[in-house]
Amino acid sequence: MTLKIKNSFSILVLLLFLEASGELFAQEAFTYYSVSGFIKDQATGEFLSGTSILIYRDSLSIQGPPLKGINSNQYGYFAVPELPSGNFILIVRRLGYKTLTRELRLSGKTPFLRLDLELESQDIRLQEVVVKGRKSDVGVVSSVEVSPELLSQLPSLSGEVDLFRSLQLLPGLTQNNELSTGLYVRGGSPDQTLTLLDGVIVYNPSHLGNFASTFNSDALQSVKLIKGAFPAEYGGRLSSVLDIKLRSGSKERHKGILGLGLINSHMTLEGPMNENSTYILSGRKMYYDAFQKLTDKNGMAPRYNFYDLNSKFSFDVSKNDFVSFSALLSSDKIYSSPGNQVSYDIQWQNAIASLNWSQVLSNSRFSNTSLSYVNYSFKSILDDTTSRVTSSDYYSVSDLVDLVLRKDVEFYLAGNNPGKLGMEISLHNYKLTYSDVYSLLIERSYGNEKDITNYEAATYLQSEFQVTSRLKVSPGLRLYFFNAQKKLNLEPRFSALYSLTDEASIKGAFSVTNQFLHLIVRNDISLPTDLWYPSTDKIEPSASRQYVMGLDSYFSDKEYFFSVEGYYKDMKNLYEFKDNARYNPQTSVVDLLTKGSGEAYGLELFLNKLSGDFSGWVGYTLSWSRRKFDELNAGQVFYPRFDRRHDISVIATYRLTEFLSLGMTWTYATGQGYTLPIGQYQIGNIDLDPNERVQFDYTKRNAYKLPAYHKLDLNLTYKFFFNSLQLETYLNVYNVYNRHNPFAYYASEVQKPTPDGTVSLPKFYSLTIFPFMPTVGITMKF
């Protein structure tokens, strides 16, 4: 529902009331005992999230179901309330660590027991080499948790763990083309995915073509992807969530990782600053453009480079208070080669800083408070000096600045039912420039649209309930306030899981979401032309309802995992540029946009071999993504560019020896849609350009289908020791059979001689960026 209010005072009072109410929820009867603490790595001191804590009555009942069971949260904290007095067996388990067993004696007048535990790592042959949803995590249907170590066996262009490319191999995720960035999840555009780094929004979390994320894999602790119907703690986006945590530096000793390759290099340094603080610094540099200039000096392929820097400083202030500071800086640049018909220069930068305070409030309450600063800018310059075609030129700059304050509190209701509530206040500032004629004058007169400043606030409450021994549900509610339109909206969330057997379950989820920021792109230009525009008093926030149903099953003694999920999502208040819009500095962005609606639905199949030297998975997605705008495509339904009817991924890894492994990926997707020019017409001079301009006449929107996208990648990795150094060398073969998958099509003019002189005719060009490419490199740990 939507309520009109005069000011934001009411919502702020409500936020403070809900935050303070955590004390009421957390109250416990003193006839019971509570056990809580942190789980850490024994050697490094790293907090271990997702660790299983099980409590049994005695050693004879260990083979059966536990009396109580819980997982540590993302900060390694756990709490088990309402335990009766007596003796118990506590078991702590985590993949890659030795199982820890402890005896508990609960008696006396003190109802709280603080128990900080350290796990000892062990070298094991990893069996689960595939990411999958956690069956026990009922609150997050369609969730995938990724261990960076498990992705190291897959092929990559740069030789590093390619997080985003690996995620795109899962059902429900697609890649628009070789040049696209961001994740296209279940029919949603990249701006509809909420990407968080230590709880802070990252607007563009990937480098060109998604072959690397802006986060160095050596610095990652955990990665969680929620493909749809996400819980109430997340908001501000329509489709999905990518939640990434940076790890803290090692408390054991100073150490590092250095990787050298043909087209990129990376380095990570970490260690203790003193006994209560650590640091980790990580950076990468890709110099693919320098490689191109040596190997393909006169080629038409775009030149490309990037760098990124990640850092985190962690401080143990006391046994109950932990403070960390995280930062990210990244920059990408893609530009045209000297012999290109059209000159282009496209750049984007991320700058993020975050201060985080985690605190144990009581033995069953945990809070986290963060203050973050985010700056993202994107610039596109397309300049066709030889053409009079209007659509050939384009210039835009988006500059976004956010300041966000957030607080979350975890607690337990009666019956060991976990809950979570939180609040968030965000202040946004946007600067925009755009034009269909590029000149230095326009670039220097930065900001032809007035700065837009607004804020939004939100609060949420969610919990989990074990209704029966087989049925568990997770209700949630998010309440948000949008200042520009004085809107107060409710977003209900609900998910459930029913266990058919110990190895099979059915699941379902529903959610309502809203989004206040819109990513607008030129449909007639295949190069990146991102223009980020906020909701205002004239531009409505986007809204969506999502429904998910699925079945999970293990078989063959849990050697195989099978999952099938169906989803439906409707969307309203979507925005795109009008056909033949004039992007001149005198026109407001609002006048260039048109509003429409959309829907996305599909079916995902996932078969995963979990164990053995030979492992892998096969994923298949059948999906539809549709849009309808009254002012586009004559009011008829059309399919966006990223709509892919069929998507197939085949992944295999084979451990040849203890030190030598082979990885393979093959992907196939039906061709993306493209709006093809079929004619042209000429109009008189206007605006800053004194020449007569030529306009194209197009087919129906995205009616032309490009060839199917498919390629094969291979990886061979060998690990060895030299003196005390641990080394790893790799050979990657990208695009083995040299499939030409165009990332961009554009139209320009050529002069053709005739008996009466010359005539200008349109000519179409296609560009590919990554042909058959073997790369080698070496990584050392010291």
# chains A, B, ... in the order shown; residues from 1 in each chain; ligands from 1
>>> select_by_dssp(residues="segment 529-572 of chain A", states="strand (DSSP E)", output="PyMOL selection string")
chain A and resi 531-534+542-555+560-572
>>> residues_around(residues="Tyr668 of chain A", least_positions_apart="3", cutoff="6 Å", atoms="only C-alpha atoms", output="list in words")
Asp647, Ile648, Tyr709 and His710 of chain A
>>> select_by_dssp(residues="segment 347-580 of chain A", states="helix (DSSP H, G or I)", output="list in words")
Thr390, Ser391, Ser392, Leu440, Leu441, Ile442, Glu443 and Arg444 of chain A
>>> write_last_selection(atoms="N, CA and C atoms", output="CSV table (one decimal), in the first residue's frame")
chain,number,residue,atom,x,y,z
A,390,THR,N,22.8,10.6,-36.9
A,390,THR,CA,22.6,11.2,-35.6
A,390,THR,C,23.0,10.1,-34.5
A,391,SER,N,22.6,8.9,-34.7
A,391,SER,CA,22.7,7.9,-33.6
A,391,SER,C,24.2,7.5,-33.5
A,392,SER,N,25.1,8.0,-34.3
A,392,SER,CA,26.5,7.6,-34.2
A,392,SER,C,27.2,8.3,-33.1
A,440,LEU,N,34.2,19.2,-26.9
A,440,LEU,CA,34.9,19.6,-25.7
A,440,LEU,C,34.1,20.6,-24.9
A,441,LEU,N,33.4,21.5,-25.6
A,441,LEU,CA,32.6,22.5,-24.9
A,441,LEU,C,31.6,21.9,-24.0
A,442,ILE,N,30.9,20.9,-24.5
A,442,ILE,CA,29.9,20.2,-23.7
A,442,ILE,C,30.5,19.4,-22.6
A,443,GLU,N,31.7,18.8,-22.8
A,443,GLU,CA,32.3,18.1,-21.7
A,443,GLU,C,32.8,19.0,-20.6
A,444,ARG,N,33.2,20.2,-21.0
A,444,ARG,CA,33.7,21.1,-19.9
A,444,ARG,C,32.6,21.8,-19.2
>>> residues_around(residues="segment 84-97 of chain A", least_positions_apart="6", cutoff="8 Å", atoms="only C-alpha atoms", output="list in words")
Thr31, Tyr32, Tyr33, Gly50, Thr51, Ser52, Ile53, Leu54, Ile55, Tyr56, Arg57, Asp58, Ser59, Glu103, Leu104, Arg105, Leu106, Ser107, Leu119, Glu120, Ser121, Gln122, Asp123, Ile124 and Leu126 of chain A
>>> residues_around(residues="Leu173 of chain A", least_positions_apart="2", cutoff="7 Å", atoms="only C-alpha atoms", output="VMD selection string")
chain A and resid 168 170 to 171 183 to 186
>>> write_last_selection(atoms="N, CA, C and O atoms", output="compact mmCIF listing (two decimals), in the first residue's frame")
# COMPACT_ATOMS: atom_id res chain seq x y z
N GLN A 168 27.79 -16.68 -13.75
CA GLN A 168 27.00 -16.73 -14.98
C GLN A 168 26.84 -18.15 -15.50
O GLN A 168 26.02 -18.38 -16.39
N LEU A 170 25.65 -20.48 -13.70
CA LEU A 170 24.53 -21.04 -12.95
C LEU A 170 23.22 -20.78 -13.68
O LEU A 170 23.07 -19.76 -14.36
N PRO A 171 22.24 -21.67 -13.53
CA PRO A 171 20.93 -21.43 -14.16
C PRO A 171 20.30 -20.13 -13.65
O PRO A 171 20.44 -19.77 -12.48
N LEU A 183 25.29 -8.40 -13.66
CA LEU A 183 24.60 -9.68 -13.73
C LEU A 183 23.17 -9.49 -14.23
O LEU A 183 22.44 -8.62 -13.75
N TYR A 184 22.79 -10.30 -15.21
CA TYR A 184 21.43 -10.34 -15.71
C TYR A 184 20.76 -11.56 -15.08
O TYR A 184 21.00 -12.70 -15.48
N VAL A 185 19.92 -11.34 -14.06
CA VAL A 185 19.37 -12.42 -13.26
C VAL A 185 17.87 -12.51 -13.49
O VAL A 185 17.14 -11.55 -13.23
N ARG A 186 17.44 -13.66 -14.00
CA ARG A 186 16.01 -13.95 -14.16
C ARG A 186 15.25 -12.81 -14.83
O ARG A 186 14.23 -12.33 -14.32
>>> atom_distance(atom1="atom CA of Asn483 of chain A", atom2="atom CA of Pro541 of chain A")
11.5 Å
>>> closest_residue(among="A:Asn633, A:Ser189, A:Ser318, A:Thr729", to="Leu660 of chain A", atoms="only C-alpha atoms")
A:Thr729
>>> closest_residue(among="A:Thr513, A:Asn417, A:Asn715, A:Asn735", to="Ile70 of chain A", atoms="only C-alpha atoms")
A:Asn417
>>> atom_distance(atom1="atom CA of Met423 of chain A", atom2="atom CA of Gly228 of chain A")
21.7 Å
>>> closest_residue(among="A:Gly596, A:Pro302, A:Gly673, A:Gly188", to="Leu238 of chain A", atoms="only C-alpha atoms")
A:Gly188
>>> residues_around(residues="Phe215 of chain A", least_positions_apart="6", cutoff="9 Å", atoms="only C-alpha atoms", output="ChimeraX atom specification")
/A:163,197,205-206,244,246,282-283,308-310,328
>>> closest_residue(among="A:Asn320, A:Thr295, A:Asn274, A:Asn356", to="Gly199 of chain A", atoms="only C-alpha atoms")
A:Asn356
>>> residues_around(residues="segment 407-410 of chain A", least_positions_apart="3", cutoff="10 Å", atoms="only C-alpha atoms", output="VMD selection string")
chain A and resid 19 to 23 25 to 26 73 79 233 356 to 361 364 to 371 418 to 425 459 to 463
>>> atom_distance(atom1="atom CA of Ser380 of chain A", atom2="atom CA of Asp332 of chain A")
11.9 Å
